[in-house]
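Engineer: Have a peek at data22.cif (mmCIF, C-alpha atoms).
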```cif
data_query
#
loop_
_atom_site.label_atom_id
_atom_site.label_comp_id
_atom_site.auth_asym_id
_atom_site.auth_seq_id
_atom_site.Cartn_x
_atom_site.Cartn_y
_atom_site.Cartn_z
CA MET V 1 35.12 -36.67 -3.50
CA ARG V 2 33.36 -39.69 -4.98
CA CYS V 3 32.77 -40.70 -8.60
CA PHE V 4 29.27 -41.99 -9.18
CA SER V 5 30.46 -43.90 -12.23
CA CYS V 6 33.31 -46.02 -10.82
CA GLY V 7 32.76 -45.47 -7.09
CA SER V 8 36.29 -44.16 -6.48
CA GLU V 9 36.83 -41.63 -3.69
CA TRP V 10 39.52 -39.01 -3.15
CA LYS V 11 40.17 -35.84 -1.23
CA ALA V 12 39.57 -32.69 -3.25
CA SER V 13 41.59 -29.52 -3.00
CA PRO V 14 39.99 -27.06 -0.54
CA ARG V 15 40.38 -24.29 -3.10
CA PHE V 16 37.77 -25.86 -5.36
CA SER V 17 34.23 -26.89 -4.46
CA GLU V 18 34.24 -29.77 -6.96
CA GLN V 19 36.45 -31.49 -9.50
CA THR V 20 34.94 -31.83 -12.97
CA VAL V 21 36.66 -35.08 -14.11
CA CYS V 22 37.21 -38.31 -12.19
CA PRO V 23 40.99 -38.88 -11.88
CA PHE V 24 40.46 -42.68 -11.99
CA CYS V 25 38.01 -43.31 -14.83
CA GLY V 26 37.93 -39.96 -16.56
CA LYS V 27 34.13 -39.60 -16.35
CA ASP V 28 32.62 -36.13 -16.35
CA LEU V 29 31.74 -35.00 -12.82
CA SER V 30 30.14 -31.68 -13.79
CA GLY V 31 26.67 -33.10 -13.33
CA GLU V 32 25.68 -33.05 -16.98
CA GLN V 33 25.61 -36.86 -17.04
CA ILE V 34 24.66 -37.76 -13.50
CA ASP V 35 21.97 -35.26 -12.53
CA THR V 36 19.36 -37.19 -14.51
CA VAL V 37 19.67 -40.17 -12.16
CA LEU V 38 20.31 -38.27 -8.93
CA THR V 39 17.62 -36.98 -6.63
CA ALA V 40 17.84 -33.97 -4.34
CA ALA V 41 18.21 -36.40 -1.44
CA ASP V 42 21.19 -38.05 -3.17
CA VAL V 43 22.90 -34.69 -3.61
CA ILE V 44 22.31 -33.64 0.01
CA LYS V 45 23.55 -36.99 1.29
CA GLU V 46 26.67 -36.82 -0.88
CA ILE V 47 27.50 -33.30 0.30
CA ILE V 48 27.08 -34.31 3.95
CA LYS V 49 29.16 -37.43 3.40
CA LYS V 50 32.07 -35.47 1.93
CA HIS V 51 31.93 -32.29 4.03
CA GLY V 52 30.31 -33.35 7.27
CA ILE V 53 26.96 -32.50 8.81
CA ASP V 54 28.08 -28.99 9.71
CA ILE V 55 28.07 -28.04 6.01
CA LEU V 56 24.32 -27.54 6.37
CA GLN V 57 25.04 -24.61 8.67
CA GLN V 58 27.13 -22.97 5.93
CA LYS V 59 24.24 -22.07 3.65
CA GLU V 60 26.10 -20.31 0.85
CA ARG V 61 28.75 -23.00 0.54
CA PHE V 62 26.18 -25.78 0.69
CA ILE V 63 24.11 -24.19 -2.10
CA GLY V 64 27.26 -23.75 -4.20
CA LEU V 65 28.16 -27.42 -3.77
CA PHE V 66 24.59 -28.45 -4.59
CA GLY V 67 24.72 -26.46 -7.85
CA ASP V 68 28.08 -27.99 -8.78
CA ILE V 69 26.83 -31.55 -8.40
CA ALA V 70 23.39 -31.05 -9.91
CA PRO V 71 23.38 -27.95 -12.13
CA LYS V 72 20.08 -28.96 -13.73
CA MET V 73 18.27 -29.00 -10.40
CA ALA V 74 17.79 -25.25 -10.40
CA TYR V 75 14.30 -25.45 -8.89
CA GLU V 76 15.36 -27.76 -6.05
CA LYS V 77 18.40 -25.57 -5.37
CA LYS V 78 16.22 -22.48 -5.13
CA ILE V 79 13.64 -23.89 -2.71
CA ILE V 80 16.30 -25.59 -0.55
CA LYS V 81 17.98 -22.20 -0.17
CA TYR V 82 14.68 -20.74 1.11
CA ALA V 83 14.37 -23.67 3.50
CA LEU V 84 17.89 -23.22 4.86
CA ASP V 85 17.13 -19.54 5.46
CA GLU V 86 14.41 -20.75 7.86
CA ASN V 87 16.96 -22.98 9.68
CA ILE V 88 15.25 -26.26 8.89
CA ALA V 89 18.68 -27.92 8.71
CA PHE V 90 19.17 -27.15 12.38
CA LEU V 91 15.82 -28.83 13.17
CA PHE V 92 16.83 -31.97 11.29
CA ILE V 93 20.23 -32.10 12.95
CA LYS V 94 19.01 -31.58 16.52
CA SER V 95 15.78 -33.61 16.37
CA GLU V 96 15.66 -36.79 18.40
CA GLU V 97 13.97 -39.88 17.02
CA SER V 98 10.96 -39.55 19.32
CA GLN V 99 10.44 -35.96 18.23
CA ARG V 100 10.63 -36.44 14.45
CA GLU V 101 6.90 -36.19 13.80
CA LYS V 102 6.80 -32.94 15.74
CA THR V 103 9.84 -31.71 13.78
CA ILE V 104 8.18 -32.40 10.42
CA CYS V 105 5.05 -30.50 11.49
CA GLN V 106 7.20 -27.62 12.74
CA ILE V 107 9.09 -27.45 9.43
CA HIS V 108 5.83 -27.42 7.52
CA LYS V 109 4.59 -24.54 9.63
CA LEU V 110 7.80 -22.56 9.04
CA LEU V 111 7.59 -22.96 5.27
CA GLU V 112 3.86 -22.77 4.56
CA ASP V 113 3.86 -18.97 4.31
CA ILE V 114 6.73 -18.75 1.80
CA LEU V 115 6.56 -21.93 -0.29
CA SER V 116 3.87 -23.97 -2.00
CA GLU V 117 2.76 -27.34 -0.66
CA LYS V 118 4.55 -29.03 -3.55
CA ALA V 119 7.84 -27.28 -2.74
CA ILE V 120 7.51 -28.14 0.97
CA PHE V 121 6.95 -31.79 0.08
CA ILE V 122 10.05 -31.89 -2.19
CA ILE V 123 12.25 -30.34 0.51
CA THR V 124 10.93 -32.52 3.32
CA GLU V 125 11.24 -35.68 1.25
CA ALA V 126 14.84 -34.84 0.29
CA PHE V 127 15.97 -34.24 3.87
CA ILE V 128 14.07 -37.23 5.30
CA GLN V 129 15.77 -39.52 2.78
CA ALA V 130 19.16 -37.83 3.23
CA PHE V 131 18.96 -38.31 7.02
CA ASP V 132 17.58 -41.88 6.65
CA TRP V 133 14.43 -41.08 8.59
CA ASP V 134 11.30 -43.19 8.36
CA GLY V 135 9.61 -42.55 5.02
CA ASP V 136 6.19 -42.79 6.68
CA LEU V 137 6.83 -39.32 8.09
CA LEU V 138 6.11 -38.00 4.61
CA SER V 139 2.45 -38.82 5.15
CA LEU V 140 2.29 -35.76 7.43
CA ILE V 141 3.04 -33.64 4.37
CA LYS V 142 1.65 -35.86 1.62
CA SER V 143 -1.84 -35.79 3.09
CA SER V 144 -2.01 -32.05 2.55
CA VAL V 145 -0.56 -32.30 -0.98
CA THR V 146 -2.34 -35.26 -2.55
CA GLN V 147 -5.74 -35.04 -0.93
CA PRO V 148 -8.18 -32.88 -2.84
CA PRO V 149 -9.72 -30.05 -0.85
CA ASN V 150 -13.13 -30.53 0.64
CA PRO V 151 -15.70 -29.76 -2.00
CA ILE V 152 -17.62 -26.59 -1.42
CA PRO V 153 -21.32 -27.37 -1.25
CA PRO V 154 -23.28 -25.64 -3.96
CA ILE V 155 -25.13 -22.53 -2.93
CA PRO V 156 -28.87 -23.11 -3.25
CA MET V 157 -30.28 -20.90 -5.90
CA PRO V 158 -33.59 -19.16 -5.16
CA PRO V 159 -36.38 -20.03 -7.56
CA MET V 160 -36.54 -17.85 -10.57
CA PRO V 161 -39.49 -15.46 -10.43
CA GLN V 162 -42.14 -16.37 -12.92
CA PRO V 163 -43.46 -13.63 -15.14
CA PRO V 164 -47.03 -12.59 -14.29
CA THR V 165 -49.82 -14.09 -16.32
CA PRO V 166 -50.67 -11.60 -19.04
CA ILE V 167 -54.13 -10.05 -18.76
CA PRO V 168 -56.03 -10.37 -22.01
CA PRO V 169 -56.88 -6.98 -23.48
CA LEU V 170 -60.42 -5.79 -23.08
CA PRO V 171 -62.41 -5.75 -26.32
CA ILE V 172 -62.75 -2.26 -27.66
CA PRO V 173 -66.27 -1.53 -28.99
CA PRO V 174 -66.34 -0.27 -32.54
CA THR V 175 -66.49 3.46 -32.92
CA PRO V 176 -70.04 4.45 -33.94
CA GLN V 177 -70.17 5.79 -37.44
CA PRO V 178 -72.27 8.91 -38.09
CA PRO V 179 -75.40 8.18 -40.14
CA ARG V 180 -75.07 8.79 -43.78
CA PRO V 181 -76.94 11.93 -44.91
CA VAL V 182 -80.19 11.21 -46.69
CA PRO V 183 -80.32 12.98 -50.03
CA PRO V 184 -83.22 15.46 -50.23
CA SER V 185 -86.35 14.26 -51.97
CA PRO V 186 -86.77 15.79 -55.36
CA GLN V 187 -89.22 18.70 -55.27
CA PRO V 188 -91.92 18.88 -57.92
CA PRO V 189 -91.37 21.66 -60.40
CA LYS V 190 -93.10 24.86 -59.64
CA PRO V 191 -96.03 25.60 -61.98
CA ALA V 192 -95.41 28.16 -64.62
CA PRO V 193 -97.01 31.50 -63.82
CA LEU V 194 -100.23 32.22 -65.66
CA PRO V 195 -99.98 34.79 -68.39
CA PRO V 196 -101.50 38.15 -67.49
CA THR V 197 -105.06 38.85 -68.71
CA SER V 198 -106.38 42.02 -70.17
CA GLN V 199 -109.07 42.19 -67.51
CA THR V 200 -108.56 43.54 -64.12
CA VAL V 201 -110.68 41.98 -61.45
CA LEU V 202 -111.09 44.08 -58.42
CA PHE V 203 -112.86 43.32 -55.20
CA GLY V 204 -113.84 45.98 -52.88
CA PHE V 205 -114.24 49.46 -54.31
CA ASP V 206 -114.60 50.06 -57.99
CA GLU V 207 -111.71 52.09 -59.15
CA TYR V 208 -113.79 54.00 -61.59
CA THR V 209 -117.04 54.55 -59.75
CA GLY V 210 -115.78 54.39 -56.25
CA GLU V 211 -118.64 52.11 -55.36
CA LEU V 212 -118.35 48.83 -53.49
CA ASN V 213 -118.31 45.91 -55.81
CA THR V 214 -120.28 43.11 -54.27
CA ASP V 215 -121.22 40.93 -57.20
CA GLY V 216 -117.79 39.55 -57.80
CA LYS V 217 -117.78 40.49 -61.43
CA PRO V 218 -115.10 42.51 -63.00
CA HIS V 219 -115.74 46.11 -63.82
CA GLY V 220 -113.91 48.51 -65.88
CA ILE V 221 -113.12 49.14 -69.40
CA GLY V 222 -114.24 46.35 -71.64
CA ALA V 223 -116.06 44.47 -68.81
#
```
Once you've parsed the file, please lay out its structure as structure tokens.

Structural biologist:
Amino acid sequence: MRCFSCGSEWKASPRFSEQTVCPFCGKDLSGEQIDTVLTAADVIKEIIKKHGIDILQQKERFIGLFGDIAPKMAYEKKIIKYALDENIAFLFIKSEESQREKTICQIHKLLEDILSEKAIFIITEAFIQAFDWDGDLLSLIKSSVTQPPNPIPPIPMPPMPQPPTPIPPLPIPPTPQPPRPVPPSPQPPKPAPLPPTSQTVLFGFDEYTGELNTDGKPHGIGA
């Protein structure tokens, strides 16, 4: 093991994955003090340095050692476990220098269906740095993480239909009013009937003589 505080190294007991206190300077090795300055690449490199490259093939043990050194890196531990399940460690170990670009693209393809672009970038960066590969290889991943997606052109909107011009209402002629009734003209008063006379004027036959009366004079009693 190695103390990050004093730099001392020693061989740990195989029964324990990590020792919690440095036997030389007494500093805490549980990770509570050092995980703030370590990166995932530092932890991977330290594990490989102490346990050999083949530790990457022992996924459960490697993840246990990672958690012991950096207990606060829970997110990195989780996504690295997913990556090891896809055998990316084998690709890093077996890749030749001339094939490294192809290896990075292959790793991205293996992980793109199960992890986000951000998680893939963190994992790839950690292993590239731990294996001392060229940092420019990260551009193969970074381009897909940092570049904004192509903007979607706006969909042309059809012109809004204009409401039809209102037709002015036709003038309604006034309803003809019936003529007012004319009051009847006042009628002159009827003349009073003449009082009856005591004479009886007869024309025609005399009622007493039976003769035709032709002179127009009244006949009879008192005539």

Engineer: Using all atoms listed in the file, which of V:Tyr75, V:Leu84, V:Asp42, V:Pro164 sits nearest Glu60 of chain V?

Structural biologist: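 Of all the options, V:Leu84 lies closest to Glu60 of chain V.
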
Engineer: Interatomic distance between atom CA of His108 of chain V and atom CA of Ile141 of chain V?

Structural biologist: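 For atom CA of His108 of chain V relative to atom CA of Ile141 of chain V, the distance reads 7.5 Å.
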
Engineer: Measure the distance from atom CA of Gly67 of chain V to atom CA of Ala41 of chain V in Å and round it to one decimal.

Structural biologist: 13.5 Å

Engineer: Padding 8 Å on every side, please: axis-aligned box over the listed atoms of segment 106-123 of chain V, centre and edge lengths to one decimal in Å, as AutoDock Vina command-line options.

Structural biologist:
```
--center_x 7.5 --center_y -25.3 --center_z 4.6 --size_x 25.5 --size_y 29.1 --size_z 32.3
```

Engineer: Could you list the residues chosen by the PyMOL selection byres ((chain V and resi 57) around 10) in this structure as a list in words?

Structural biologist: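 With the PyMOL selection byres ((chain V and resi 57) around 10) on this model, the match is Ile53, Asp54, Ile55, Leu56, Gln58, Lys59, Glu60, Arg61, Phe62, Leu84, Asp85, Asn87, Ile88, Ala89, Phe90 and Ile93 of chain V.
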
Engineer: Provide segment 98-109 of chain V rebuilt to all heavy atoms, formatted as a tab-separated table (two decimals), in the frame of the given file.

Structural biologist:
```tsv
chain	number	residue	atom	x	y	z
V	98	SER	N	12.33	-39.60	18.78
V	98	SER	CA	10.96	-39.55	19.32
V	98	SER	C	10.26	-38.24	18.98
V	98	SER	O	9.03	-38.13	19.14
V	98	SER	CB	11.01	-39.72	20.84
V	98	SER	OG	11.78	-38.68	21.45
V	99	GLN	N	11.01	-37.26	18.52
V	99	GLN	CA	10.44	-35.96	18.23
V	99	GLN	C	10.33	-35.68	16.72
V	99	GLN	O	10.04	-34.54	16.32
V	99	GLN	CB	11.30	-34.86	18.88
V	99	GLN	CG	11.38	-34.94	20.39
V	99	GLN	CD	10.02	-34.69	21.03
V	99	GLN	OE1	9.27	-33.78	20.63
V	99	GLN	NE2	9.70	-35.47	22.06
V	100	ARG	N	10.55	-36.68	15.89
V	100	ARG	CA	10.63	-36.44	14.45
V	100	ARG	C	9.29	-36.01	13.85
V	100	ARG	O	9.25	-35.16	12.95
V	100	ARG	CB	11.19	-37.67	13.74
V	100	ARG	CG	12.68	-37.85	14.02
V	100	ARG	CD	13.24	-39.11	13.38
V	100	ARG	NE	14.68	-39.23	13.66
V	100	ARG	CZ	15.44	-40.26	13.27
V	100	ARG	NH1	14.89	-41.27	12.59
V	100	ARG	NH2	16.72	-40.29	13.57
V	101	GLU	N	8.21	-36.60	14.31
V	101	GLU	CA	6.90	-36.19	13.80
V	101	GLU	C	6.64	-34.72	14.12
V	101	GLU	O	6.16	-33.95	13.27
V	101	GLU	CB	5.79	-37.06	14.40
V	101	GLU	CG	5.77	-38.48	13.86
V	101	GLU	CD	4.53	-39.23	14.33
V	101	GLU	OE1	3.64	-38.59	14.95
V	101	GLU	OE2	4.45	-40.45	14.09
V	102	LYS	N	6.96	-34.34	15.34
V	102	LYS	CA	6.80	-32.94	15.74
V	102	LYS	C	7.69	-32.03	14.90
V	102	LYS	O	7.29	-30.91	14.51
V	102	LYS	CB	7.12	-32.79	17.22
V	102	LYS	CG	6.92	-31.39	17.76
V	102	LYS	CD	7.24	-31.34	19.25
V	102	LYS	CE	7.08	-29.93	19.80
V	102	LYS	NZ	7.41	-29.87	21.26
V	103	THR	N	8.91	-32.51	14.58
V	103	THR	CA	9.84	-31.71	13.78
V	103	THR	C	9.29	-31.48	12.38
V	103	THR	O	9.36	-30.36	11.84
V	103	THR	CB	11.21	-32.41	13.70
V	103	THR	OG1	11.74	-32.55	15.03
V	103	THR	CG2	12.17	-31.62	12.84
V	104	ILE	N	8.73	-32.53	11.78
V	104	ILE	CA	8.18	-32.40	10.42
V	104	ILE	C	7.04	-31.38	10.42
V	104	ILE	O	6.94	-30.53	9.51
V	104	ILE	CB	7.71	-33.76	9.89
V	104	ILE	CG1	8.90	-34.72	9.76
V	104	ILE	CG2	6.99	-33.60	8.56
V	104	ILE	CD1	9.95	-34.25	8.79
V	105	CYS	N	6.17	-31.46	11.41
V	105	CYS	CA	5.05	-30.50	11.49
V	105	CYS	C	5.57	-29.07	11.69
V	105	CYS	O	5.02	-28.11	11.14
V	105	CYS	CB	4.11	-30.89	12.62
V	105	CYS	SG	3.25	-32.45	12.34
V	106	GLN	N	6.61	-28.94	12.49
V	106	GLN	CA	7.20	-27.62	12.74
V	106	GLN	C	7.80	-27.04	11.46
V	106	GLN	O	7.67	-25.85	11.17
V	106	GLN	CB	8.25	-27.73	13.84
V	106	GLN	CG	8.80	-26.38	14.30
V	106	GLN	CD	9.79	-26.54	15.46
V	106	GLN	OE1	10.03	-27.66	15.95
V	106	GLN	NE2	10.37	-25.43	15.90
V	107	ILE	N	8.50	-27.91	10.69
V	107	ILE	CA	9.09	-27.45	9.43
V	107	ILE	C	8.00	-27.01	8.46
V	107	ILE	O	8.13	-25.99	7.77
V	107	ILE	CB	9.96	-28.58	8.82
V	107	ILE	CG1	11.22	-28.77	9.68
V	107	ILE	CG2	10.31	-28.28	7.37
V	107	ILE	CD1	12.02	-30.00	9.31
V	108	HIS	N	6.94	-27.78	8.41
V	108	HIS	CA	5.83	-27.42	7.52
V	108	HIS	C	5.26	-26.04	7.89
V	108	HIS	O	4.96	-25.22	7.02
V	108	HIS	CB	4.74	-28.49	7.57
V	108	HIS	CG	3.61	-28.23	6.62
V	108	HIS	ND1	2.54	-27.44	6.96
V	108	HIS	CD2	3.39	-28.65	5.34
V	108	HIS	CE1	1.70	-27.39	5.94
V	108	HIS	NE2	2.19	-28.11	4.94
V	109	LYS	N	5.13	-25.82	9.17
V	109	LYS	CA	4.59	-24.54	9.63
V	109	LYS	C	5.52	-23.38	9.29
V	109	LYS	O	5.08	-22.27	8.95
V	109	LYS	CB	4.33	-24.59	11.14
V	109	LYS	CG	3.58	-23.38	11.68
V	109	LYS	CD	3.19	-23.61	13.13
V	109	LYS	CE	2.41	-22.40	13.66
V	109	LYS	NZ	1.13	-22.20	12.95
```
